[in-house]
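Here the structure is laid out as structure tokens; the discussion comes afterwards.
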Amino acid sequence: MIPARWGRAAVAAFLVAGCGGGDDPPPPQPTARFDAQVRWTTYGVPHVKASDHGGLGYGYGYAVARDQLCALADRIITLRGERSAHFGADGQALVGFLPLPNLDSDLFYRMQLSADDVDTAWKALSPQARALAEGYAAGFNRYVRDHAAPAACGDLRPPTMVAADVLRAVMQIGTLNRTFLAAPFASASLWDDLGQPERAAAAPAPPRLGMASNTWVYGADATGTGAAIVVANPHTYWQDHWLLMHQMHLTIPGEMDVMGADFLGVPLPLSGFNDAVAWSIEAPSTVTYGLPLRLDLRPGASPAYMVDGVSRAIERRVVEIAVRQADGAKRTQAYAVPYTELGPLYRLPAAPGRPAGWYAITDAAEGDARGLDQMLLVAKARGMADFQRAVAGHRGIAAHLVAGDSAGNALFIEAGPILDIDDAGLAACAVEATPSGRVPAALDGSRGACLLRDEQGRPRLAPADRIPALATRGVAYNANDSYSLSIHGERHDRYSVLFGRPDAEPNGRTRMSHRLVAEMLAAGKVTMEQAVDVVFGNRNYAAETLMDGIADACATATGDAATACGVLSRWDRRNNADSRGALLFGELWPRLSAIGNLYAQPYDAADPLRVRTLSGSVPVQAAVRAALADTVADLGTHGLKGDEAWGRMLARPTANGRVPLHGGSGDQGILNALEGAPLGPEGYGDIVAGTAYMHAVTWTGGKLVAKVMAANGQSPDDASPHHEDQVGLLSRKQLVDAPFTDAQVAASAVETLHLAE
């Protein structure tokens, strides 16, 4: 029963499906701070309607809490820097993508998402964005108040959420660059360490992320319909990660009507669509948002650092962190952090191009929550011009965006801010000489010109005309690669190396995208079915380009190598559920990648998409046969032969048994990237990461046509009816119609709730 907290609604809560009940509501009050209607359709997708942004956030915050309560509670305390209080200093946190001790996590986020930074960011937001954040927090709290038992999340009691927690979730996306640079050294970069010998320990190796994302926009020239086709295919972790995605539909009648999927704690779609525009987000793995500044440190009783020969003070800031002890008691511990007008200092170990020493970080995304306004205006965009203005005016999401509209326009644009320095300036400021066309590993912080700060001490940001925004009516796509090849048939290279090297070798998914798009355009116009099949066709680029050379090596194969050759000769070179041989090739691939001079053609930066085939040299062919034999032997230790049906090997374990899947490693150029857990006799134990959400959007006769799928469902909670309830859609390669108009939502609704307070 919904407790009696009622607003101006005459009926404060009712259920269309299932039983209502309880006491009659008290008389309606004259005003309510928040008021929203939530209608859930099949697969637990909430459609939230409100008359203002606060009510919209309220309804959606409640809906998210219903699906992701414990994951979001964990996220809140992580970004507040409070993990040690709940789980002890030595417990493990996920800081960005790095598993680190809770103490490092707490110190990092307390400094990088400090209360002062959040307050400054809050003041820069529009009233609408603030209202959305306040409503989202209140909606989360309403759900906790009404439904969550104190022990709902085990040892973690769901905290009271505030608007600052929403800002931290948005701002955290911009901290990822700093995470890799500094987070592992947060607890080893304290005041008492100043002047101590430089660290000899190396940074932890960045984890293999095991996932990828893709977006394709086929403009009017490619579709022939006058409208674009947009296929969004973001990939994330499937469990125990802040990148969990959640579907939603948010409506303020006459002002905003947007559907899509977000990341945990972010109140707007990062991949989404309205009735005029559709878009998706790509992780910008090639972009450098922040750079470490090596300081000329002068330790002593009053430590300082020198800039242009002038001494600047280092402040001793104390961070008090509650730490849970072995007996469950909490003890407050004080950590003194060296802090400057450039931010906190970190004692970093040596790395290529970066000597060991003390560093500050200048990051374009520092203290930036403008992504909330960016996403809000993107959601309201009525065409590509609106979309581009929304991004260029609020660069607050450190990502690529690829978008298309009902008028047939396509666009690739960098959504995050970038530092205002050209390539010559980077080279001049480098601590160590850097090869031409590369980003320096560190800048010389003893020179004021290299600090990249404005008169207010904020990071100096590049203007919009120095940031890639590539428009076409042909085809735009991206697969976590640089901007350079994101417009099919074009090469772009005029932007700063901070956006990625245009001469860098494209990844296999970019190569596969180019191949498939070229084939479709050569055959005629692109249809929605063809656009979706780009993902679900599961063609394997590595196999398509190397298998003929492997067949040559097989001509003289014997023993286990010959057995492997027989399996591969019968394989269809795809990673469909019924493909046989994909297992053997997938286990062979890392061994092939380790062979020196594997390709017959060296990479040519002047022709980056040229197909490279397997070398026919005697050493390479011998190494291939050895790799084939080793693969068969290793598979044999699990009782496998390599010709098992791929869907039996790559599957999602559910309460109803293993669900066969398709797709595979993005490293092999498979666009529907799915990464399995370690291999065993029954196959890969689970899905670690991969396709998380898809939408395929176009416009017919000016009307929106949208199909969607969220592979792992709406909730990470095993007890939720919407945990894994869409994995069958992925297994069947099925997208479902998205209820979008009010009439469609009303006809599809299985539950309705009116919330007010």
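Letters for chains follow the order of the structure tokens (A, B, ...), residue numbers begin at 1 for each chain, and ligand numbers begin at 1 in the order shown.
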
Closest-contact table, region 246-346 of chain A side, partner region 162-185 of chain A, 8 Å, counting only C-alpha atoms, as a tab-separated table:
```
residue	atom	partner	partner_atom	distance
A:Leu264	CA	A:Ala169	CA	7.7
A:Gly265	CA	A:Ala169	CA	5.6
A:Val266	CA	A:Val170	CA	6.0
A:Pro267	CA	A:Val166	CA	7.6
A:Thr288	CA	A:Asn177	CA	7.4
A:Tyr289	CA	A:Asn177	CA	6.6
A:Gly290	CA	A:Asn177	CA	6.3
A:Pro292	CA	A:Leu181	CA	7.8
A:Tyr346	CA	A:Ala182	CA	6.4
```

Store the residues picked out above, limited to all heavy atoms, as a PDB file, in the first residue's frame.
```
ATOM      1  N   LEU A 264      23.486   4.542 -14.534  1.00  0.00           N
ATOM      2  CA  LEU A 264      23.012   4.546 -13.162  1.00  0.00           C
ATOM      3  C   LEU A 264      23.176   5.922 -12.520  1.00  0.00           C
ATOM      4  O   LEU A 264      24.270   6.477 -12.471  1.00  0.00           O
ATOM      5  CB  LEU A 264      23.794   3.507 -12.364  1.00  0.00           C
ATOM      6  CG  LEU A 264      23.312   3.187 -10.958  1.00  0.00           C
ATOM      7  CD1 LEU A 264      21.908   2.607 -10.992  1.00  0.00           C
ATOM      8  CD2 LEU A 264      24.270   2.202 -10.303  1.00  0.00           C
ATOM      9  N   GLY A 265      22.061   6.493 -12.060  1.00  0.00           N
ATOM     10  CA  GLY A 265      22.075   7.759 -11.356  1.00  0.00           C
ATOM     11  C   GLY A 265      21.967   8.986 -12.228  1.00  0.00           C
ATOM     12  O   GLY A 265      21.874  10.101 -11.718  1.00  0.00           O
ATOM     13  N   VAL A 266      21.962   8.823 -13.543  1.00  0.00           N
ATOM     14  CA  VAL A 266      21.844   9.948 -14.479  1.00  0.00           C
ATOM     15  C   VAL A 266      20.381  10.041 -14.910  1.00  0.00           C
ATOM     16  O   VAL A 266      19.822   9.062 -15.393  1.00  0.00           O
ATOM     17  CB  VAL A 266      22.762   9.753 -15.695  1.00  0.00           C
ATOM     18  CG1 VAL A 266      22.583  10.885 -16.696  1.00  0.00           C
ATOM     19  CG2 VAL A 266      24.217   9.662 -15.241  1.00  0.00           C
ATOM     20  N   PRO A 267      19.726  11.193 -14.773  1.00  0.00           N
ATOM     21  CA  PRO A 267      18.276  11.250 -14.920  1.00  0.00           C
ATOM     22  C   PRO A 267      17.758  11.502 -16.325  1.00  0.00           C
ATOM     23  O   PRO A 267      16.571  11.801 -16.493  1.00  0.00           O
ATOM     24  CB  PRO A 267      17.900  12.408 -13.999  1.00  0.00           C
ATOM     25  CG  PRO A 267      19.061  13.340 -14.086  1.00  0.00           C
ATOM     26  CD  PRO A 267      20.280  12.448 -14.212  1.00  0.00           C
ATOM     27  N   THR A 288      41.833  12.753 -25.167  1.00  0.00           N
ATOM     28  CA  THR A 288      42.542  13.115 -23.937  1.00  0.00           C
ATOM     29  C   THR A 288      41.923  14.386 -23.378  1.00  0.00           C
ATOM     30  O   THR A 288      42.063  15.463 -23.951  1.00  0.00           O
ATOM     31  CB  THR A 288      44.035  13.348 -24.224  1.00  0.00           C
ATOM     32  OG1 THR A 288      44.590  12.171 -24.806  1.00  0.00           O
ATOM     33  CG2 THR A 288      44.776  13.676 -22.947  1.00  0.00           C
ATOM     34  N   TYR A 289      41.224  14.262 -22.256  1.00  0.00           N
ATOM     35  CA  TYR A 289      40.560  15.421 -21.655  1.00  0.00           C
ATOM     36  C   TYR A 289      41.432  16.127 -20.627  1.00  0.00           C
ATOM     37  O   TYR A 289      41.265  17.320 -20.385  1.00  0.00           O
ATOM     38  CB  TYR A 289      39.253  14.977 -20.984  1.00  0.00           C
ATOM     39  CG  TYR A 289      38.223  14.492 -21.973  1.00  0.00           C
ATOM     40  CD1 TYR A 289      38.003  13.138 -22.155  1.00  0.00           C
ATOM     41  CD2 TYR A 289      37.494  15.395 -22.731  1.00  0.00           C
ATOM     42  CE1 TYR A 289      37.066  12.687 -23.068  1.00  0.00           C
ATOM     43  CE2 TYR A 289      36.557  14.957 -23.644  1.00  0.00           C
ATOM     44  CZ  TYR A 289      36.345  13.599 -23.813  1.00  0.00           C
ATOM     45  OH  TYR A 289      35.425  13.161 -24.731  1.00  0.00           O
ATOM     46  N   GLY A 290      42.340  15.390 -19.983  1.00  0.00           N
ATOM     47  CA  GLY A 290      43.148  15.988 -18.937  1.00  0.00           C
ATOM     48  C   GLY A 290      44.595  15.553 -19.028  1.00  0.00           C
ATOM     49  O   GLY A 290      44.906  14.476 -19.542  1.00  0.00           O
ATOM     50  N   PRO A 292      48.474  15.544 -16.793  1.00  0.00           N
ATOM     51  CA  PRO A 292      49.202  15.815 -15.550  1.00  0.00           C
ATOM     52  C   PRO A 292      50.235  16.915 -15.753  1.00  0.00           C
ATOM     53  O   PRO A 292      50.879  16.999 -16.800  1.00  0.00           O
ATOM     54  CB  PRO A 292      49.851  14.469 -15.229  1.00  0.00           C
ATOM     55  CG  PRO A 292      49.945  13.750 -16.530  1.00  0.00           C
ATOM     56  CD  PRO A 292      48.825  14.238 -17.377  1.00  0.00           C
ATOM     57  N   TYR A 346      49.215  14.731  -6.602  1.00  0.00           N
ATOM     58  CA  TYR A 346      49.376  13.280  -6.559  1.00  0.00           C
ATOM     59  C   TYR A 346      50.838  12.934  -6.840  1.00  0.00           C
ATOM     60  O   TYR A 346      51.461  13.492  -7.754  1.00  0.00           O
ATOM     61  CB  TYR A 346      48.481  12.609  -7.608  1.00  0.00           C
ATOM     62  CG  TYR A 346      47.017  12.815  -7.351  1.00  0.00           C
ATOM     63  CD1 TYR A 346      46.314  13.831  -8.003  1.00  0.00           C
ATOM     64  CD2 TYR A 346      46.324  12.010  -6.450  1.00  0.00           C
ATOM     65  CE1 TYR A 346      44.964  14.033  -7.763  1.00  0.00           C
ATOM     66  CE2 TYR A 346      44.971  12.200  -6.207  1.00  0.00           C
ATOM     67  CZ  TYR A 346      44.300  13.214  -6.865  1.00  0.00           C
ATOM     68  OH  TYR A 346      42.957  13.406  -6.620  1.00  0.00           O
TER      69      TYR A 346
END
```

Near region 735-740 of chain A, counting only C-alpha atoms, which residues have an atom at most 6 Å away, once you skip same-chain residues fewer than 4 positions from it, shown as a ChimeraX atom specification? /A:706-709,744-745

Prev. selection, C-alpha atoms, output as a PDB file, in the first residue's frame:
```pdb
ATOM      1  CA  ALA A 706      11.151   3.114 -33.080  1.00  0.00           C
ATOM      2  CA  LYS A 707      12.155  -0.359 -31.951  1.00  0.00           C
ATOM      3  CA  VAL A 708      14.097  -1.046 -28.753  1.00  0.00           C
ATOM      4  CA  MET A 709      15.695  -3.750 -26.605  1.00  0.00           C
ATOM      5  CA  GLN A 744       0.350   3.876 -27.472  1.00  0.00           C
ATOM      6  CA  VAL A 745       1.509   4.097 -23.869  1.00  0.00           C
TER       7      VAL A 745
END
```

Could you pull the residues within 6 Å of region 50-62 of chain A, counting only C-alpha atoms, minus those fewer than 4 positions along the same chain, as a PyMOL selection string? chain A and resi 34-36+128+131-132+135-136+138-140+143+252

By how many Å are CA of Val287 (chain A) and CA of Asn214 (chain A) apart? 16.4 Å

I'd like the neighbourhood of Ile77 (chain A) as a ChimeraX atom specification, where a residue qualifies if any of its atoms comes within 10 Å (using only C-alpha atoms), though same-chain residues fewer than 3 positions away should be ignored. /A:72-74,80-86,106,156,158-159,161,165

Written selection (C-alpha atoms) as a compact mmCIF listing (two decimals), in the first residue's frame:
```
# COMPACT_ATOMS: atom_id res chain seq x y z
CA LEU A 72 22.12 3.20 -6.86
CA ALA A 73 22.53 3.31 -3.07
CA ASP A 74 26.03 1.89 -3.52
CA ARG A 80 30.26 10.82 -1.76
CA GLY A 81 33.49 9.16 -0.64
CA GLU A 82 31.83 7.15 2.12
CA ARG A 83 32.66 3.55 1.27
CA SER A 84 35.15 3.11 4.12
CA ALA A 85 32.42 3.94 6.63
CA HIS A 86 30.26 1.09 5.39
CA ASP A 106 36.98 7.80 -0.85
CA LEU A 156 24.15 -0.81 3.29
CA PRO A 158 19.83 3.17 1.48
CA PRO A 159 20.97 6.76 2.11
CA MET A 161 19.56 11.11 -1.71
CA ASP A 165 24.23 13.08 -5.69
```

Just the strand (DSSP E) stuff from region 572-690 of chain A, please, per backbone DSSP, written as a list in words.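 DSSP-assigned strand (DSSP E) residues in region 572-690 of chain A: Ala651, Arg652, Pro653, Thr654, Gly657, Arg658, Val659, Pro660, Leu674, Glu675, Gly676, Leu679, Gly680, Gly683, Tyr684, Ile687, Val688, Ala689 and Gly690 of chain A.
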
For the residues selected in the previous step, produce a file with N, CA, C and O atoms as a PDB file, in the first residue's frame.
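For reference, selection-v9.pdb as written:
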```pdb
ATOM      1  N   ALA A 651      26.375 -18.035 -23.509  1.00  0.00           N
ATOM      2  CA  ALA A 651      25.000 -18.086 -23.029  1.00  0.00           C
ATOM      3  C   ALA A 651      24.890 -17.345 -21.712  1.00  0.00           C
ATOM      4  O   ALA A 651      25.873 -17.145 -20.993  1.00  0.00           O
ATOM      5  N   ARG A 652      23.667 -16.940 -21.408  1.00  0.00           N
ATOM      6  CA  ARG A 652      23.381 -16.269 -20.137  1.00  0.00           C
ATOM      7  C   ARG A 652      22.692 -17.254 -19.206  1.00  0.00           C
ATOM      8  O   ARG A 652      21.614 -17.761 -19.516  1.00  0.00           O
ATOM      9  N   PRO A 653      23.307 -17.581 -18.058  1.00  0.00           N
ATOM     10  CA  PRO A 653      22.632 -18.462 -17.103  1.00  0.00           C
ATOM     11  C   PRO A 653      21.479 -17.727 -16.431  1.00  0.00           C
ATOM     12  O   PRO A 653      21.659 -16.626 -15.902  1.00  0.00           O
ATOM     13  N   THR A 654      20.292 -18.291 -16.468  1.00  0.00           N
ATOM     14  CA  THR A 654      19.120 -17.699 -15.831  1.00  0.00           C
ATOM     15  C   THR A 654      18.447 -18.754 -14.967  1.00  0.00           C
ATOM     16  O   THR A 654      18.826 -19.929 -14.971  1.00  0.00           O
ATOM     17  N   GLY A 657      17.473 -21.698 -16.939  1.00  0.00           N
ATOM     18  CA  GLY A 657      18.506 -22.348 -17.726  1.00  0.00           C
ATOM     19  C   GLY A 657      19.310 -21.356 -18.534  1.00  0.00           C
ATOM     20  O   GLY A 657      19.062 -20.149 -18.518  1.00  0.00           O
ATOM     21  N   ARG A 658      20.307 -21.863 -19.249  1.00  0.00           N
ATOM     22  CA  ARG A 658      21.188 -21.010 -20.050  1.00  0.00           C
ATOM     23  C   ARG A 658      20.473 -20.581 -21.336  1.00  0.00           C
ATOM     24  O   ARG A 658      19.919 -21.410 -22.055  1.00  0.00           O
ATOM     25  N   VAL A 659      20.489 -19.275 -21.595  1.00  0.00           N
ATOM     26  CA  VAL A 659      19.877 -18.726 -22.807  1.00  0.00           C
ATOM     27  C   VAL A 659      20.962 -18.554 -23.857  1.00  0.00           C
ATOM     28  O   VAL A 659      21.923 -17.810 -23.649  1.00  0.00           O
ATOM     29  N   PRO A 660      20.855 -19.256 -25.000  1.00  0.00           N
ATOM     30  CA  PRO A 660      21.907 -19.158 -26.025  1.00  0.00           C
ATOM     31  C   PRO A 660      21.955 -17.763 -26.640  1.00  0.00           C
ATOM     32  O   PRO A 660      20.922 -17.161 -26.927  1.00  0.00           O
ATOM     33  N   LEU A 674      30.011  -9.287 -27.370  1.00  0.00           N
ATOM     34  CA  LEU A 674      29.653  -9.892 -26.095  1.00  0.00           C
ATOM     35  C   LEU A 674      30.881 -10.622 -25.578  1.00  0.00           C
ATOM     36  O   LEU A 674      31.448 -11.451 -26.296  1.00  0.00           O
ATOM     37  N   GLU A 675      31.279 -10.289 -24.371  1.00  0.00           N
ATOM     38  CA  GLU A 675      32.461 -10.903 -23.771  1.00  0.00           C
ATOM     39  C   GLU A 675      32.024 -11.909 -22.717  1.00  0.00           C
ATOM     40  O   GLU A 675      31.285 -11.563 -21.784  1.00  0.00           O
ATOM     41  N   GLY A 676      32.478 -13.155 -22.846  1.00  0.00           N
ATOM     42  CA  GLY A 676      32.113 -14.193 -21.899  1.00  0.00           C
ATOM     43  C   GLY A 676      33.093 -14.292 -20.745  1.00  0.00           C
ATOM     44  O   GLY A 676      34.249 -13.887 -20.840  1.00  0.00           O
ATOM     45  N   LEU A 679      36.248 -19.641 -19.833  1.00  0.00           N
ATOM     46  CA  LEU A 679      35.718 -20.838 -20.477  1.00  0.00           C
ATOM     47  C   LEU A 679      35.814 -22.048 -19.563  1.00  0.00           C
ATOM     48  O   LEU A 679      36.814 -22.244 -18.859  1.00  0.00           O
ATOM     49  N   GLY A 680      34.776 -22.864 -19.568  1.00  0.00           N
ATOM     50  CA  GLY A 680      34.748 -24.121 -18.838  1.00  0.00           C
ATOM     51  C   GLY A 680      34.097 -25.195 -19.691  1.00  0.00           C
ATOM     52  O   GLY A 680      33.758 -24.957 -20.856  1.00  0.00           O
ATOM     53  N   GLY A 683      31.009 -24.143 -21.449  1.00  0.00           N
ATOM     54  CA  GLY A 683      31.097 -22.907 -22.221  1.00  0.00           C
ATOM     55  C   GLY A 683      31.560 -21.765 -21.336  1.00  0.00           C
ATOM     56  O   GLY A 683      32.126 -21.969 -20.257  1.00  0.00           O
ATOM     57  N   TYR A 684      31.317 -20.550 -21.784  1.00  0.00           N
ATOM     58  CA  TYR A 684      31.678 -19.375 -21.002  1.00  0.00           C
ATOM     59  C   TYR A 684      30.660 -19.222 -19.878  1.00  0.00           C
ATOM     60  O   TYR A 684      29.449 -19.287 -20.099  1.00  0.00           O
ATOM     61  N   ILE A 687      27.937 -13.792 -19.142  1.00  0.00           N
ATOM     62  CA  ILE A 687      28.293 -12.645 -19.964  1.00  0.00           C
ATOM     63  C   ILE A 687      28.851 -11.562 -19.048  1.00  0.00           C
ATOM     64  O   ILE A 687      28.202 -11.157 -18.078  1.00  0.00           O
ATOM     65  N   VAL A 688      30.045 -11.110 -19.329  1.00  0.00           N
ATOM     66  CA  VAL A 688      30.677 -10.061 -18.529  1.00  0.00           C
ATOM     67  C   VAL A 688      30.225  -8.688 -19.020  1.00  0.00           C
ATOM     68  O   VAL A 688      29.860  -7.816 -18.225  1.00  0.00           O
ATOM     69  N   ALA A 689      30.249  -8.480 -20.316  1.00  0.00           N
ATOM     70  CA  ALA A 689      29.934  -7.165 -20.871  1.00  0.00           C
ATOM     71  C   ALA A 689      29.530  -7.330 -22.329  1.00  0.00           C
ATOM     72  O   ALA A 689      29.812  -8.343 -22.958  1.00  0.00           O
ATOM     73  N   GLY A 690      28.893  -6.299 -22.841  1.00  0.00           N
ATOM     74  CA  GLY A 690      28.548  -6.317 -24.254  1.00  0.00           C
ATOM     75  C   GLY A 690      27.276  -5.547 -24.526  1.00  0.00           C
ATOM     76  O   GLY A 690      26.886  -4.646 -23.767  1.00  0.00           O
TER      77      GLY A 690
END
```

Neighbours of region 433-441 of chain A within 7 Å (only C-alpha atoms; same-chain residues fewer than 6 positions away dropped), as a tab-separated table (two decimals) with N, CA, C and O atoms, in the first residue's frame?
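Contents of around.tsv, freshly written:
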```
chain	number	residue	atom	x	y	z
A	353	GLY	N	57.35	8.69	-20.90
A	353	GLY	CA	57.14	10.11	-21.14
A	353	GLY	C	56.81	10.92	-19.91
A	353	GLY	O	56.56	12.12	-20.01
A	354	ARG	N	56.81	10.28	-18.73
A	354	ARG	CA	56.44	10.99	-17.50
A	354	ARG	C	57.37	10.55	-16.36
A	354	ARG	O	57.28	9.43	-15.88
A	426	LEU	N	51.31	21.76	-27.23
A	426	LEU	CA	51.51	20.52	-26.48
A	426	LEU	C	52.97	20.07	-26.55
A	426	LEU	O	53.56	19.70	-25.54
A	427	ALA	N	53.54	20.12	-27.75
A	427	ALA	CA	54.93	19.70	-27.92
A	427	ALA	C	55.87	20.60	-27.13
A	427	ALA	O	56.83	20.13	-26.50
A	497	VAL	N	45.46	16.70	-31.81
A	497	VAL	CA	45.79	15.32	-31.47
A	497	VAL	C	45.12	14.91	-30.16
A	497	VAL	O	45.02	13.71	-29.88
A	498	LEU	N	44.63	15.87	-29.37
A	498	LEU	CA	43.87	15.52	-28.17
A	498	LEU	C	42.63	14.70	-28.51
A	498	LEU	O	42.11	13.97	-27.66
A	501	ARG	N	44.81	10.44	-32.79
A	501	ARG	CA	45.69	10.58	-33.94
A	501	ARG	C	44.97	10.12	-35.21
A	501	ARG	O	44.51	8.98	-35.28
```

Rounded to one decimal place, report the CA of Glu320 (chain A)-CA of Thr332 (chain A) distance in Å.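 So the two atoms, CA of Glu320 (chain A) and CA of Thr332 (chain A), lie 6.3 Å apart.
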
Can you pull out every residue within 8 Å of Tyr483 (chain A), counting only C-alpha atoms, but drop anything in the same chain fewer than 4 positions away, and send it as a VMD selection string? chain A and resid 412 468 478 492 499 to 500 502

What would the file look like if the residues just selected were written as an mmCIF file, in the first residue's frame with all heavy atoms?
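Writing done, so here's part_36.cif:
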```cif
data_model
loop_
_atom_site.group_PDB
_atom_site.id
_atom_site.type_symbol
_atom_site.label_atom_id
_atom_site.label_comp_id
_atom_site.auth_asym_id
_atom_site.auth_seq_id
_atom_site.Cartn_x
_atom_site.Cartn_y
_atom_site.Cartn_z
ATOM 1 N N PHE A 412 28.311 13.489 -36.495
ATOM 2 C CA PHE A 412 29.236 13.039 -35.450
ATOM 3 C C PHE A 412 29.727 14.282 -34.738
ATOM 4 O O PHE A 412 30.182 15.242 -35.374
ATOM 5 C CB PHE A 412 30.425 12.284 -36.039
ATOM 6 C CG PHE A 412 31.528 12.043 -35.028
ATOM 7 C CD1 PHE A 412 31.542 10.891 -34.273
ATOM 8 C CD2 PHE A 412 32.526 12.984 -34.808
ATOM 9 C CE1 PHE A 412 32.532 10.673 -33.317
ATOM 10 C CE2 PHE A 412 33.518 12.787 -33.863
ATOM 11 C CZ PHE A 412 33.523 11.617 -33.117
ATOM 12 N N PRO A 468 35.560 18.655 -33.174
ATOM 13 C CA PRO A 468 34.908 17.997 -34.317
ATOM 14 C C PRO A 468 33.391 18.008 -34.228
ATOM 15 O O PRO A 468 32.801 17.640 -33.208
ATOM 16 C CB PRO A 468 35.448 16.561 -34.240
ATOM 17 C CG PRO A 468 36.757 16.681 -33.536
ATOM 18 C CD PRO A 468 36.571 17.785 -32.543
ATOM 19 N N ASN A 478 30.439 5.406 -35.500
ATOM 20 C CA ASN A 478 31.606 5.363 -34.642
ATOM 21 C C ASN A 478 31.578 4.098 -33.814
ATOM 22 O O ASN A 478 30.518 3.613 -33.438
ATOM 23 C CB ASN A 478 31.700 6.586 -33.733
ATOM 24 C CG ASN A 478 33.066 6.724 -33.104
ATOM 25 O OD1 ASN A 478 33.305 6.256 -32.001
ATOM 26 N ND2 ASN A 478 33.998 7.350 -33.824
ATOM 27 N N HIS A 492 39.040 12.803 -42.094
ATOM 28 C CA HIS A 492 39.186 14.091 -41.427
ATOM 29 C C HIS A 492 40.409 14.043 -40.526
ATOM 30 O O HIS A 492 40.614 13.073 -39.805
ATOM 31 C CB HIS A 492 37.935 14.417 -40.616
ATOM 32 C CG HIS A 492 36.716 14.617 -41.463
ATOM 33 N ND1 HIS A 492 36.339 15.844 -41.955
ATOM 34 C CD2 HIS A 492 35.807 13.730 -41.940
ATOM 35 C CE1 HIS A 492 35.243 15.710 -42.682
ATOM 36 N NE2 HIS A 492 34.903 14.430 -42.690
ATOM 37 N N PHE A 499 42.131 14.803 -29.737
ATOM 38 C CA PHE A 499 40.966 14.034 -30.164
ATOM 39 C C PHE A 499 41.339 12.684 -30.758
ATOM 40 O O PHE A 499 40.467 11.945 -31.213
ATOM 41 C CB PHE A 499 40.155 14.825 -31.199
ATOM 42 C CG PHE A 499 39.521 16.051 -30.634
ATOM 43 C CD1 PHE A 499 39.998 17.302 -30.972
ATOM 44 C CD2 PHE A 499 38.462 15.967 -29.747
ATOM 45 C CE1 PHE A 499 39.425 18.444 -30.454
ATOM 46 C CE2 PHE A 499 37.888 17.112 -29.220
ATOM 47 C CZ PHE A 499 38.363 18.355 -29.572
ATOM 48 N N GLY A 500 42.607 12.362 -30.726
ATOM 49 C CA GLY A 500 43.051 11.103 -31.305
ATOM 50 C C GLY A 500 43.883 11.351 -32.549
ATOM 51 O O GLY A 500 43.692 12.336 -33.268
ATOM 52 N N PRO A 502 44.866 10.974 -36.212
ATOM 53 C CA PRO A 502 44.213 10.550 -37.450
ATOM 54 C C PRO A 502 44.986 9.466 -38.198
ATOM 55 O O PRO A 502 44.428 8.795 -39.061
ATOM 56 C CB PRO A 502 44.125 11.841 -38.273
ATOM 57 C CG PRO A 502 45.147 12.750 -37.690
ATOM 58 C CD PRO A 502 45.255 12.400 -36.246
#
```

As a check of understanding: the span from CA of Leu194 (chain A) to CA of Gly88 (chain A) is 26.2 Å

Counting only C-alpha atoms, what are the residues of region 641-670 of chain A within 10 Å of region 571-594 of chain A, and for each of them which pair of atoms is the nearest and at what distance in Å, to one decimal? Sort the table by chain and rising number, as CSV.
```
residue,atom,partner,partner_atom,distance
A:Lys641,CA,A:Leu584,CA,7.8
A:Gly642,CA,A:Leu584,CA,4.4
A:Asp643,CA,A:Gly581,CA,4.6
A:Glu644,CA,A:Arg580,CA,5.6
A:Ala645,CA,A:Arg580,CA,4.9
A:Trp646,CA,A:Ala577,CA,5.0
A:Gly647,CA,A:Ala577,CA,3.8
A:Arg648,CA,A:Ala577,CA,7.4
A:Met649,CA,A:Leu583,CA,7.5
A:Leu650,CA,A:Ala577,CA,8.0
A:Ala651,CA,A:Ala577,CA,9.1
A:Pro660,CA,A:Ala577,CA,6.4
A:Leu661,CA,A:Ala577,CA,5.7
A:His662,CA,A:Asn576,CA,4.8
A:Gly663,CA,A:Asn575,CA,5.2
A:Gly664,CA,A:Asn575,CA,6.4
A:Ser665,CA,A:Gly586,CA,7.6
A:Asp667,CA,A:Trp589,CA,8.9
A:Gln668,CA,A:Trp589,CA,7.6
A:Ile670,CA,A:Asn575,CA,7.9
```

Residues of region 497-724 of chain A in helix (DSSP H, G or I) according to DSSP, as an MDAnalysis selection string? chainID A and resid 497:499 508:523 528:536 541:554 559:569 582:593 618:637 646:649 666:668

Neighbour list for region 516-522 of chain A as a VMD selection string, cut-off 9 Å, only C-alpha atoms, skip fewer than 2 positions in-chain: chain A and resid 222 475 488 to 489 511 to 514 524 to 526 530 to 531 534
